[in-house]
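Please read the structure below before turning to the comments.
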Amino acid sequence: MDNIITIEHIAKIYQVGTEEVHALADVSLTIDRNEYVAIMGPSGSGKSTLMNILGCLDTPTKGIYDFKGVNVSDMNDNQLAQIRNKEIGFVFQTFNLLARSDALHNVELPLIYAGVPSAERKERARAALVHVGLESRMHHRPNELSGGQRQRVAIARALVTNPSIILADEPTGNLDTKTGEDIMALFHEIHQKGNTIILVTHEEYIAEHAARILRIRDGLIEKDEIVDRRRIPTKNNASFL
Amino acid sequence: MKSYFIELKEGINISLRAIRANKMRAILTTLGIIIGIVAVTTMSTAIVGLRQAFINSISSFGSDVLYVDKFDWLGGHDWHSMRNRKNITFEQYEKLRNTLSSYSAMAPNLRSFGAKVKYAQKSTDATMIYGTTEDYVKTANLVVDKGRFLNSMDVKSGRKVCVVGTDIADALFPREDPVNKEIKVGGMPMTIIGVLQKQGSGLFGGFSPDGQIIMPLKTFENSVGKFRSNLRIDIKVSDQNRINETRDEVIAIMRAIRKVPLDKPNDFAVNQQEAFKELYDKTVGVVGIAGLFITALALFVGSIGIMNIMFVSVTERTKEIGIRKAIGAKTWSILTQFLSEAIIICLFGGIVGLMISFPLSLVINQFLPTAMPLDIVIISLLISAFVGVVSGFLPAYKASKLDPVEALRYE
Ligand SMILES: Nc1ncnc2c1ncn2[C@@H]1O[C@H](COP(=O)(O)OP(=O)(O)OP(=O)(O)O)[C@@H](O)[C@H]1O
Ligand SMILES: [Mg+2]
């Protein structure tokens with residue numbers, strides 16, 4: 001299998017006053033194409049820090065990060081921005097949509113920064129929204145949508161550029177169980193289509209949707225395990241059947 | 001290149017949306033720029049107008065003409081001592097005329113401020129009366145509209161004829177042809193032989209060249225100017241590039257004619273129009289520039305207001321900046337976004353400012369011969385855009401350099 005991500009001895013150290021905080025102490029791992037990985041661990045263990053580094057939002061203090069055969073550890077801000085734009089789709093716990101823009105424009109946004117012309121952009125954004133079952137909510141603003149719908153807009157935005165990996169930091173953290181299950185069904189489908197997904201979660205039953213679970217504690221990988229009996233989400237929302 | 005425009009368009013759209021979302025704030029901020037632009041454009045229109053008025057009022061003095069006079073026009077000497085100088089006489093003029101190696105015209109003249117002019121029941125005031133020779137049409141750069149100018153016969157025999165400006169012709173002959181009509185100038189009857197072309201008003205309408213009357217030197221001496229015998233000699237040089245050489249030659253000849261001892265300064269002056277302009281630029285001009293500088297401070301204060309609001313805007317939208325960066329906005333995408341917001345606010349202020357100062361310039365135009373020049377319009381729009389860039393740059397730069405992780409965490 002060809003791997004997308006290889007990190008070796010990554011550390012992220014924050015200087016707080018005179019004290020050093022090792023958000024990540026020493027992490028090495030590889031992730032292959034079309035893997036579905038869940039990252040678990042107690043609060044403050046470094047999950048988000050790891051996600052931000054994998055997503056090229058942040059740079060490690062030490063170590064090497066090889067993304068699709070390219071060393072991104074010493075890229076500059078604009079090169080990292082380009083990687084984020086083309087290769088990575090983010091889904092956040094708090095959705096992070098632009099409040100003043102409607103769903104369609106939110107989904108168009110990554111394509112704007114990719115330099116895609118308006119007509120093609122609208123076409124692709126619409127298709128992505130249809131894909132997540134929001135064809136009737138294109139011109140709604142985030143505050144006119146439910147939490148689950150907002151998260152689906154965010155997923156459409158993450159998918160619209162056809163990225164190599166989807167990074168989701170507690171995507172169901174702000175949703176009720178049923179809505180969370182809908183979102184997991186969507187991830188399942190995306191994974192089935194060949195995408196690579198890395199997902200941070202607190203909840204065991206969410207993590208069991210993935211094929212592999214990384215357990216982190218105090219900035220170190222404690223366990224790297226294969227899920228024996230993967231949970232297949234029940235599709236209880238007809239809109240994306 | 002194409003993607004550059006796509007992002008620029010997004011930048012402008014975001015700016016417009018942000019401005020619309022905070023209308024009141026944008027209007028108040030723009031007010032600073034509006035006041036600044038109104039102050040600067042009105043001030044510079046007034047300055048340009050004042051200078052134009054001044055130039056109009058000295059335009060009867062040609063730039064290629066030397067004026068030999070007892071008085072130094074720019075002062076520099078005590079007026080009493082100049083007054084006590086010997087008059088320049090007609091004999092001195094004749095000697096100068098015969099000695100000076102090259103010139104294109106030379107006209108001795110006597111002048112008098114104002115006189116009553118009458119025709120039938122009508123009367124008006126002449127602003128200036130000149131007694132001179134046929135050469136004066138060249139030295140004063142006059143154009144005759146109707147009839148003719150003085151000729152050598154008129155001058156030699158001191159005929160009672162005159163050439164008048166359009167104001168006088170219009171006042172006395174609203175419907176008739178003034179040529180060959182007999183009028184009374186200071187009580188002396190004389191015949192109009194020509195009317196000059198309209199020249200336009202001088203500074204605040206004073207000493208308008210359109211109110212002048214020109215007559216032969218002898219006729220002048222026999223009527224209005226009985227007691228005025230201090231001649232001025234106007235010399236139009238043959239080559240403007242050699243005006244300084246001619247000037248030196250005139251000084252040398254005049255010193256010889258007036259028998260000025262070697263160790264004594266000139267007891268006459270050779271005046272030039274250029275000197276007026278220099279004097280103007282050194283005095284009124286400097287005051288004008290200082291005024292412009294002070295009004296420019298208003299614009300500066302306005303730009304500080306913009307900068308302040310842009311910093312607020314960046315802070316408010318930290319989270320948005322984080323989101324945009326997370327999905328691929330580059331440093332300059334964010335920079336362009338905030339710069340265009342500042343520029344749009346400033347350009348809007350500039351345009352509104354111009355819409356206010358344009359009618360103001362029409363009011364100024366009632367007093368000064370100028371409307372708002374097109375280059376002031378263009379320059380002030382450029383200045384507005386420039387103010388936008390300057391005051392928007394620091395906040396935009398701050399925004400573009402935000403760390404995406406920090407920005408996303410901002411609440
Ligand atoms: N900017 C920072 N400055 C200092 N310390 C930081 C900074 N960011 C994170 N940390 C520290 O790094 C550690 C890991 O943080 P991280 O956000 O990765 O935890 P997490 O596993 O995502 O926790 P949670 O489950 O609560 O989201 C924490 O102890 C945190 O205090
Ligand atoms: Mg976290």
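How things are named: the first chain in the structure tokens is A, the next is B, and so on; residues count from 1 in each chain; ligands count from 1 in the order shown.
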
Give me the chain A side of the contact with chain B, cut-off 6 Å, one line per residue showing its nearest atom pair and distance in Å at one decimal, counting only C-alpha atoms, sorted by chain and residue number, as JSON lines.
```
{"residue": "A:Asn78", "atom": "CA", "partner": "B:Lys330", "partner_atom": "CA", "distance": 5.3}
{"residue": "A:Ala81", "atom": "CA", "partner": "B:Gly328", "partner_atom": "CA", "distance": 4.6}
{"residue": "A:Gln82", "atom": "CA", "partner": "B:Gly328", "partner_atom": "CA", "distance": 5.7}
{"residue": "A:Arg84", "atom": "CA", "partner": "B:Gly328", "partner_atom": "CA", "distance": 5.4}
{"residue": "A:Asn85", "atom": "CA", "partner": "B:Gly328", "partner_atom": "CA", "distance": 4.1}
{"residue": "A:Pro110", "atom": "CA", "partner": "B:Ile327", "partner_atom": "CA", "distance": 5.6}
{"residue": "A:Tyr113", "atom": "CA", "partner": "B:Ala329", "partner_atom": "CA", "distance": 5.7}
{"residue": "A:Gly115", "atom": "CA", "partner": "B:Ser3", "partner_atom": "CA", "distance": 4.0}
```

Q | Test item: residues at most 12 Å from Glu135 of chain A, only C-alpha atoms, excluding those fewer than 2 positions along its chain, as a PyMOL selection string | A | chain A and resi 103-104+125-133+137-140+149+152-153+156+239-240

Dump as a PDB file, in the first residue's frame, selection limited to N, CA and C atoms:
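Done, and the output landed in again_20.pdb:
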```pdb
ATOM      1  N   ALA A 103     -24.619  28.883   2.494  1.00  0.00           N
ATOM      2  CA  ALA A 103     -23.986  27.566   2.396  1.00  0.00           C
ATOM      3  C   ALA A 103     -23.169  27.448   1.111  1.00  0.00           C
ATOM      4  N   LEU A 104     -23.756  27.911   0.004  1.00  0.00           N
ATOM      5  CA  LEU A 104     -23.091  27.773  -1.286  1.00  0.00           C
ATOM      6  C   LEU A 104     -21.745  28.502  -1.289  1.00  0.00           C
ATOM      7  N   ALA A 125     -19.586  23.347  -6.182  1.00  0.00           N
ATOM      8  CA  ALA A 125     -20.083  23.573  -4.828  1.00  0.00           C
ATOM      9  C   ALA A 125     -21.500  23.021  -4.699  1.00  0.00           C
ATOM     10  N   ARG A 126     -22.297  23.235  -5.741  1.00  0.00           N
ATOM     11  CA  ARG A 126     -23.665  22.716  -5.730  1.00  0.00           C
ATOM     12  C   ARG A 126     -23.655  21.197  -5.644  1.00  0.00           C
ATOM     13  N   ALA A 127     -22.799  20.580  -6.465  1.00  0.00           N
ATOM     14  CA  ALA A 127     -22.711  19.121  -6.480  1.00  0.00           C
ATOM     15  C   ALA A 127     -22.333  18.597  -5.092  1.00  0.00           C
ATOM     16  N   ALA A 128     -21.380  19.287  -4.435  1.00  0.00           N
ATOM     17  CA  ALA A 128     -20.938  18.845  -3.111  1.00  0.00           C
ATOM     18  C   ALA A 128     -22.074  18.965  -2.097  1.00  0.00           C
ATOM     19  N   LEU A 129     -22.858  20.037  -2.200  1.00  0.00           N
ATOM     20  CA  LEU A 129     -23.983  20.219  -1.275  1.00  0.00           C
ATOM     21  C   LEU A 129     -25.069  19.177  -1.531  1.00  0.00           C
ATOM     22  N   VAL A 130     -25.286  18.848  -2.801  1.00  0.00           N
ATOM     23  CA  VAL A 130     -26.255  17.806  -3.129  1.00  0.00           C
ATOM     24  C   VAL A 130     -25.788  16.490  -2.527  1.00  0.00           C
ATOM     25  N   HIS A 131     -24.500  16.241  -2.645  1.00  0.00           N
ATOM     26  CA  HIS A 131     -23.891  15.018  -2.129  1.00  0.00           C
ATOM     27  C   HIS A 131     -24.167  14.838  -0.640  1.00  0.00           C
ATOM     28  N   VAL A 132     -24.118  15.921   0.137  1.00  0.00           N
ATOM     29  CA  VAL A 132     -24.365  15.805   1.575  1.00  0.00           C
ATOM     30  C   VAL A 132     -25.841  16.009   1.926  1.00  0.00           C
ATOM     31  N   GLY A 133     -26.682  16.070   0.909  1.00  0.00           N
ATOM     32  CA  GLY A 133     -28.115  16.120   1.137  1.00  0.00           C
ATOM     33  C   GLY A 133     -28.666  17.487   1.483  1.00  0.00           C
ATOM     34  N   ARG A 137     -30.932  23.710   0.799  1.00  0.00           N
ATOM     35  CA  ARG A 137     -30.455  24.695   1.785  1.00  0.00           C
ATOM     36  C   ARG A 137     -29.286  25.529   1.268  1.00  0.00           C
ATOM     37  N   MET A 138     -29.120  25.581  -0.062  1.00  0.00           N
ATOM     38  CA  MET A 138     -27.957  26.248  -0.668  1.00  0.00           C
ATOM     39  C   MET A 138     -27.805  27.697  -0.205  1.00  0.00           C
ATOM     40  N   HIS A 139     -28.935  28.403  -0.084  1.00  0.00           N
ATOM     41  CA  HIS A 139     -28.844  29.846   0.189  1.00  0.00           C
ATOM     42  C   HIS A 139     -29.200  30.200   1.619  1.00  0.00           C
ATOM     43  N   HIS A 140     -29.061  29.195   2.502  1.00  0.00           N
ATOM     44  CA  HIS A 140     -29.253  29.473   3.915  1.00  0.00           C
ATOM     45  C   HIS A 140     -27.923  29.831   4.545  1.00  0.00           C
ATOM     46  N   GLN A 149     -26.890  20.112   9.948  1.00  0.00           N
ATOM     47  CA  GLN A 149     -26.811  20.685   8.594  1.00  0.00           C
ATOM     48  C   GLN A 149     -25.539  21.514   8.436  1.00  0.00           C
ATOM     49  N   ARG A 152     -22.725  19.311   7.854  1.00  0.00           N
ATOM     50  CA  ARG A 152     -22.732  18.771   6.490  1.00  0.00           C
ATOM     51  C   ARG A 152     -22.228  19.804   5.485  1.00  0.00           C
ATOM     52  N   VAL A 153     -22.548  21.097   5.735  1.00  0.00           N
ATOM     53  CA  VAL A 153     -21.968  22.152   4.885  1.00  0.00           C
ATOM     54  C   VAL A 153     -20.439  22.095   5.002  1.00  0.00           C
ATOM     55  N   ALA A 156     -19.136  19.248   3.045  1.00  0.00           N
ATOM     56  CA  ALA A 156     -19.169  19.572   1.618  1.00  0.00           C
ATOM     57  C   ALA A 156     -17.991  20.465   1.263  1.00  0.00           C
ATOM     58  N   SER A 239     -32.136  11.484   3.048  1.00  0.00           N
ATOM     59  CA  SER A 239     -31.731  12.522   2.089  1.00  0.00           C
ATOM     60  C   SER A 239     -30.438  12.199   1.355  1.00  0.00           C
ATOM     61  N   PHE A 240     -29.559  11.373   1.935  1.00  0.00           N
ATOM     62  CA  PHE A 240     -28.361  11.060   1.145  1.00  0.00           C
ATOM     63  C   PHE A 240     -28.259   9.578   0.789  1.00  0.00           C
TER      64      PHE A 240
END
```

Q) Using only C-alpha atoms and all ligand atoms, what are the residues with an atom within 9 Å of ligand 2, set out as a PyMOL selection string? A) chain A and resi 43-49+51+93+169-170+200-201

(Q) Applying 12 Å and only C-alpha atoms, which residues near Pro189 of chain B remain after dropping the ones on its own chain fewer than 6 positions away? List them as JSON, numbers by chain. (A) {"B": [116, 117, 118, 119, 120, 159, 160, 161, 162, 181, 182, 183, 215, 219, 220, 222, 223, 224]}

(Q) Using DSSP secondary structure from the backbone, list all strand (DSSP E) positions within segment 5-171 of chain A, as a PyMOL selection string. (A) chain A and resi 5-16+19-32+36-40+62-67+70-71+88-92+165-169

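The space separating atom CA of Leu362 of chain B from atom CA of Gly62 of chain B comes to 29.6 Å.
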
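For segment 345-351 of chain B, the non-local neighbours within 6 Å, defined as residues at least 2 positions apart in the same chain or in other chains and counting only C-alpha atoms, are B:Thr30, B:Ile33, B:Ile34, B:Ile37, B:Ala342, B:Ile343, B:Gly353, B:Leu354, B:Leu381, B:Ser384, B:Ala385, B:Gly388.
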
Create the file for the chosen residues now, containing C-alpha atoms and written as a short mmCIF file (atom, residue, chain, number, x, y, z; two decimals), in the first residue's frame.
```cif
data_model
loop_
_atom_site.label_atom_id
_atom_site.label_comp_id
_atom_site.auth_asym_id
_atom_site.auth_seq_id
_atom_site.Cartn_x
_atom_site.Cartn_y
_atom_site.Cartn_z
CA THR B 30 -15.31 57.98 5.86
CA ILE B 33 -11.52 61.31 4.66
CA ILE B 34 -14.38 63.40 3.22
CA ILE B 37 -10.44 65.74 0.71
CA ALA B 342 -9.44 50.34 3.39
CA ILE B 343 -9.05 51.55 -0.20
CA GLY B 353 -15.48 64.80 -0.85
CA LEU B 354 -15.19 65.83 -4.50
CA LEU B 381 -8.70 60.36 -6.03
CA SER B 384 -7.56 58.86 -1.39
CA ALA B 385 -6.45 55.49 -2.73
CA GLY B 388 -6.25 53.76 1.89
#
```
